[in-house]
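These notes concern the structure reproduced below.
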Amino acid sequence: MDFLILNEGFPLLSTIVFLPLAGALVLLFLPGENVQRIWAMAVTSVTAVISLPLYSRFDLTTAKYQFGEHVSWIPSLNINYTLGIDGISLLLVLLTTLIMPLCVLGSWTYIKTRIKEFMICLMIMETAMLGVFMALDFVLFYILWEAMLIPMYLLIGVWGGPRKIYASIKFFLYTLAGSVMLLVAIIALYLKNGSFSIPMMMGQDYSSTFQIWVFLAFFLAFAIKVPMFPFHTWLPAAHVEAPTAGSVILASILLKMGTYGFLRFCLPITPLATLTLGPYVLWMSVVAILYGGFTALAQSDMKKLIAYSSVGHMGFVTLGIFFLNKQGMEGAILQMINHGVTTGALFLCVGMMYERTHSREIADHSGIAQNLPIFVSFLTIFSLSSLAFPATNSFVGEFLVLAGAFSVNKIIAGAAIPGAILAAAYMMRLLQHVLFRGPGRPDLADLNIREIATLAPFLCFVFWIGLAPEPFLNVMHTSVEYLIQQVDVAKTAQIAMNIVP
Amino acid sequence: MLFAPELLMLIGSLVLFCLSLGQGKVNLARYASLVLAIASCFLSLATLQMSGNLFYDAYHIDTFSQLFKLAISIGLVIVLLFSGELKGVDDRLRPEYFLFMILSTLGLMMLVSSVELLTLFIALELSSYSLYLMVPMRDDHGGMKMQMEAAIKYILFGVVATGTMLYGMSFIFGMTGTTYFSELVPKMHELASTPTALLAIALFMSGFFYKLAVFPFHFWVPDVYQGASNATTAFIASVPKLGAVAILIRITTLVAPTGGEAVVNMLMILAVCSMFYGNLCALVQKDIKRMLGFSGISHAGFVLLGLLTLKDTGYATSMYYIAGYVVMNLACFLVICKVSKNGENVSIDDMSGLYKRAPILALTLLVGMMALAGIPPFVGFMGKFMLLTGALRDGHLALVILAALNTAIAIYYYLSVVRVAFCSPPEDRPDVPVDLTTRCVSIALIAVIIFMGVAPKQLLAFAETAVRNIF
């Protein structure tokens, strides 16, 4: 247990994880739609507030898992309830807790039917997502990883758009089919180690064939979640049909679970396989970046455009991860947060317009800058952030990823560059239509206070990360260095193996 | 006291017999059987820690048997609670129906305690014959005589399976000269690797494969599930499977731990065939009971994964899994019974918009189906997970991968029911009235499904101690 710093006293992580679930149970008995909305808002906000001490009390000097909790759960199989966070998961946890109240706020009027059930689904999702980022036991992780499919399925299937049935089933089947082999890999790892503890599986001396099989099982599950080309086809469908809050959760948090999985499992548990198969993943990332960019360029539906842009952005994240150097990896983690902030905000923007026009077509929103100046200002800033304009958050992330890339492999890095240009192209095309084209829509009202309050926090983070990324990068230094060290150990061992005939 | 639960059921069935002689005692019979079932739950619970032999050692009481009796009684209580009004059963036959339901349960309770071949056979037949009679008691919908066809199929296949089983028993007796399990076990261990012993075991098992609906003894399943009334199907689909698993565990101990390789291979092939056959056939079903029938075949395959490890942990996992299966299956059948207005069959489309018509039933259906599909945090996942872990520990990698693939196939048809219930509009289907009892039973079932999935610790440990002291 030397990997875990146990939390003395108040079980902070458990409280954060289970507060939304408890809130959902209470919500079952609350009458009145406004009461239900306010309750959901209150619970998610309280969760966000009590998660802040995680940052302020976080120890920057250690790569161990902090705020740890460890309770025996099923002793006969050595399954434990183990929670803990390190520099990699801390920001994702905070991203989740902070974005959920904004999701509730963003669906205040968007959801008109069955508000109680909707909010319950959101809160169960929050519990599952937070648990995934904190779990240090593979069974706990897998349970939460799969359990979130049900509320997410309902979010899309019940409150979604016209093709919701197709989209929700595709989402569910794709994700589930990807993760069944993950389960087999988890059991195989357990039988090697005698424990489901994730940190104890790291740095073990598995044979390289075993590692490759385990890596492939991991990879399938996580690549579908990211989603990497060619496993991305569920994403546009799910994004387009999901209600706004569903899209935000999907884009901001669910996709991050894939890349988080790469960082937490693939790299430290199967380093040899990572070294062998990493180059292929890099090329897949480049393809994803270019494919996402080109496809986004051709969309006329705003949600689809943003969905395909996600494929490209997540390509940058996987690119940064699999270059296996510090800059690239920190850039990748920061880019995960950035994508959560920017794309979440963009989906909220589209949702707000959809409430007014009941359309997501770019053409239906031509020239609305004349009528909705506040909205368009927000949209412009988030679009600029999405294309990694300097002084916005994505610039820092993409810059770090590319800097890391160029120091290792100039060809792959060079191949990814057009992706950045494509991002500018499709976002500019969107902006051009919305800002300058067409007669405008005088019948539409500009954003109200609630909507401004929903978007304003995103704006803060766009500029905060863009101008002063140090507070965000600081927390991950130690953990990332430790992670790279874990991979390097395997690398040295591999070289030694090759020298000795 | 040792015999108390069975004795109670026996007296109860006599009372029910008297009630069935007169006219118009339906409600009395219904509540009498409910009281009986609940009382037998408590008696099983009270005798849980006892052990002893009865009837010249032909009948053995221990934690293992009492645990199964408890599960059987609970299953009966749930079935009686949600389908007590017997919507699909002929009015005049209802008191008799309850009589046979109780008799069948009595047979199953005796089955799990029998440790002598002939006792076992008699107990099995008592339970089976009652079931054979329950199937054709359904109303004749549209003059199709569907229930008759189902009953004939059920009895014919049943008789063949019983015959095969008797044939196997005769081999066992011929080889060992005894019918008592306590004497059989050491003798069979010596003979376990001989071809005759294997043949005998395989034939013996087939009688229970029939009950459990393992491929290739599954042919009765779809038609009986479809042809019998909803309440009968709910009963057949859940409670007898408990008894079958109990006896399969007993039979497996005859070969374990030595010379089990051929039996393991056989079980493995049957498991894989059951899983694939059940899941692939279920994909195209329109009638929800038929679909659950095929899904039951695939779940039977999963149960075999625990048996073929030939270890106590594996047996305990199988017990846990089948108990969980009964609960989740009953949750689904509860919804079917309630949605079916006059006891007619329910197609998947009839579930359309259920979340608007009866939210609590929709939730029960969601939990039941997702649990059957093996999505955490429900019991179905935990059971599958443990079974896969146990099988992989024994090195059956290919088997585990095939089983995992089956989980992925299965999700489609479970999801298609959930999809219809949650994503389709109800169109002009009427609301489903839900009374307080149903509401309570639904919530209780959901709670049990979640609780068993999240906290399996005590249950598993208890099952394992029960299995360890099986003789």
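Identifiers in the structure tokens: chain A, B, ... in order shown; residue index from 1 per chain; ligand index from 1 in order shown.
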Item checked: Residue neighbourhood Trp159 in chain A, 10 Å, only C-alpha atoms, exclusion window fewer than 5 positions, as number ranges by chain -> A: 110-115, 118, 153-154, 164, 241-244, 246; B: 422-423
C-alpha atoms of the current selection, written as a CSV table (one decimal), in the first residue's frame:
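selection05.csv, freshly written:
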chain,number,residue,atom,x,y,z
A,110,TYR,CA,-34.1,23.1,-22.6
A,111,ILE,CA,-35.6,20.1,-20.9
A,112,LYS,CA,-39.3,20.5,-20.7
A,113,THR,CA,-40.5,17.0,-19.9
A,114,ARG,CA,-39.6,14.7,-17.0
A,115,ILE,CA,-37.2,17.0,-15.4
A,118,PHE,CA,-33.5,13.9,-16.3
A,153,TYR,CA,-28.4,5.8,-22.8
A,154,LEU,CA,-31.5,7.2,-21.2
A,164,LYS,CA,-32.4,9.2,-30.8
A,241,GLU,CA,-29.2,13.5,-31.0
A,242,ALA,CA,-28.3,14.0,-27.3
A,243,PRO,CA,-29.8,16.9,-25.4
A,244,THR,CA,-27.4,19.8,-24.7
A,246,GLY,CA,-25.8,15.1,-22.7
B,422,PHE,CA,-38.2,4.2,-23.0
B,423,CYS,CA,-37.7,5.7,-26.4
Next item on the list: Compute the set of chain B residues within 6 Å of chain A, using only C-alpha atoms, and express it as a VMD selection string.
Entry: chain B and resid 376 to 377 389 404 408 423 457
Check: Which value, in Å to one decimal, gives the distance between CA of Ala410 in chain B and CA of His299 in chain B?
Finding: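 Between CA of Ala410 in chain B and CA of His299 in chain B the gap is 10.3 Å.
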Notebook entry, point to check: Running DSSP on the backbone, which parts of range 345-447 of chain A land in helix (DSSP H, G or I), as a VMD selection string?
Noted result: chain A and resid 345 to 357 363 to 365 368 to 370 373 to 386 393 to 406 410 to 435
Notebook entry, point to check: Which residue, A:Ile411, A:Met352, A:Val49, A:Leu435, has the smallest gap to Val286 in chain A when you use only C-alpha atoms?
Noted result: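 Closest residue, counting only C-alpha atoms: A:Ile411.
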Note to self: Applying 12 Å and only C-alpha atoms, which residues near Val15 in chain B remain after dropping the ones on its own chain fewer than 5 positions away? List them as number ranges by chain.
What the structure shows: B: 8-10, 20-22, 25, 28-30, 32-33, 36, 95-96, 98-99, 102-103
I need the residues from that last selection saved to file as a PDB file, in the first residue's frame (with C-alpha atoms), if you can.
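Writing the result to out.pdb gives the following:
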ATOM      1  CA  LEU B   8     -45.808 -27.607   5.927  1.00  0.00           C
ATOM      2  CA  MET B   9     -46.026 -27.697   2.158  1.00  0.00           C
ATOM      3  CA  LEU B  10     -47.409 -31.217   2.272  1.00  0.00           C
ATOM      4  CA  SER B  20     -60.227 -27.323  -4.888  1.00  0.00           C
ATOM      5  CA  LEU B  21     -63.098 -29.756  -4.363  1.00  0.00           C
ATOM      6  CA  GLY B  22     -65.660 -27.016  -3.857  1.00  0.00           C
ATOM      7  CA  LYS B  25     -62.770 -20.789  -3.393  1.00  0.00           C
ATOM      8  CA  LEU B  28     -59.126 -18.481  -0.374  1.00  0.00           C
ATOM      9  CA  ALA B  29     -56.792 -20.806  -2.271  1.00  0.00           C
ATOM     10  CA  ARG B  30     -54.730 -17.859  -3.418  1.00  0.00           C
ATOM     11  CA  ALA B  32     -53.686 -19.899   1.537  1.00  0.00           C
ATOM     12  CA  SER B  33     -50.872 -20.616  -0.886  1.00  0.00           C
ATOM     13  CA  LEU B  36     -47.900 -21.227   2.906  1.00  0.00           C
ATOM     14  CA  PRO B  95     -57.762 -23.600  -7.083  1.00  0.00           C
ATOM     15  CA  GLU B  96     -56.184 -26.654  -8.683  1.00  0.00           C
ATOM     16  CA  PHE B  98     -52.454 -23.275  -6.815  1.00  0.00           C
ATOM     17  CA  LEU B  99     -52.465 -26.868  -5.619  1.00  0.00           C
ATOM     18  CA  ILE B 102     -47.440 -25.812  -4.227  1.00  0.00           C
ATOM     19  CA  LEU B 103     -46.934 -29.491  -5.074  1.00  0.00           C
TER      20      LEU B 103
END
Check: From the set A:Phe399, A:Phe222, A:Phe347, A:Phe196, which residue has the shortest atom-to-atom contact distance to Ser72 in chain A, counting only C-alpha atoms?
Finding: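 Of the candidates, the smallest distance to Ser72 in chain A is held by A:Phe196.
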Next item on the list: Go through B:Phe68, B:Tyr132, B:Phe181, B:Tyr277 and flag the residue nearest Leu111 in chain B, using only C-alpha atoms for the distances.
Entry: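 Of B:Phe68, B:Tyr132, B:Phe181, B:Tyr277, the one nearest Leu111 in chain B, counting only C-alpha atoms, is B:Phe68.
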Next item on the list: Please provide as a list in words all residues within 10 Å of range 3-7 of chain A, with the sequence filter that same-chain residues fewer than 3 positions apart are discarded (counting only C-alpha atoms).
Entry: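 These residues fall inside the cut-off: Phe10, Pro11, Leu12, Leu13, Thr62, Ala63, Lys64, Tyr65, Gln66, Phe67, Gly68, Glu69, His70, Thr82, Leu83, Gly84, Ile85, Asp86, Leu136, Pro199 and Met200 of chain A.
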Next item on the list: Find the spatial neighbours of Met302 in chain A, counting only C-alpha atoms, within a cut-off of 9 Å - ignore same-chain residues fewer than 5 positions away - and output them as a list in words.
Entry: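 The residues satisfying every condition are Val240, Ala307, Phe347, Val350, Arg360, Glu361, Ile362 and Leu430 of chain A.
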Check: Residues of range 51-271 of chain A in strand (DSSP E) according to DSSP, as a list in words?
Finding: Tyr65, Gln66, Phe67, Gly68, Glu69, His70, Val71, Ser72, Trp73, Ile74, Ile79, Asn80, Tyr81, Thr82, Leu83, Gly84 and Ile85 of chain A
Note to self: Could you tell me how far CA of Tyr206 in chain A sits from CA of Leu399 in chain B, in Å to one decimal place?
What the structure shows: 22.4 Å
Check: Contacts of Phe42 in chain B at 12 Å or less, counting only C-alpha atoms, minus same-chain residues fewer than 4 places along, as a list of chain:residue names?
Finding: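 Contacts, in chain order: B:Ala4, B:Pro5, B:Leu8, B:Val35, B:Leu36, B:Ala37, B:Ile38, B:Ala46, B:Thr47, B:Leu48, B:Gln66, B:Leu67, B:Lys69, B:Leu70, B:Ala71, B:Ser73, B:Ile74, B:Val77.
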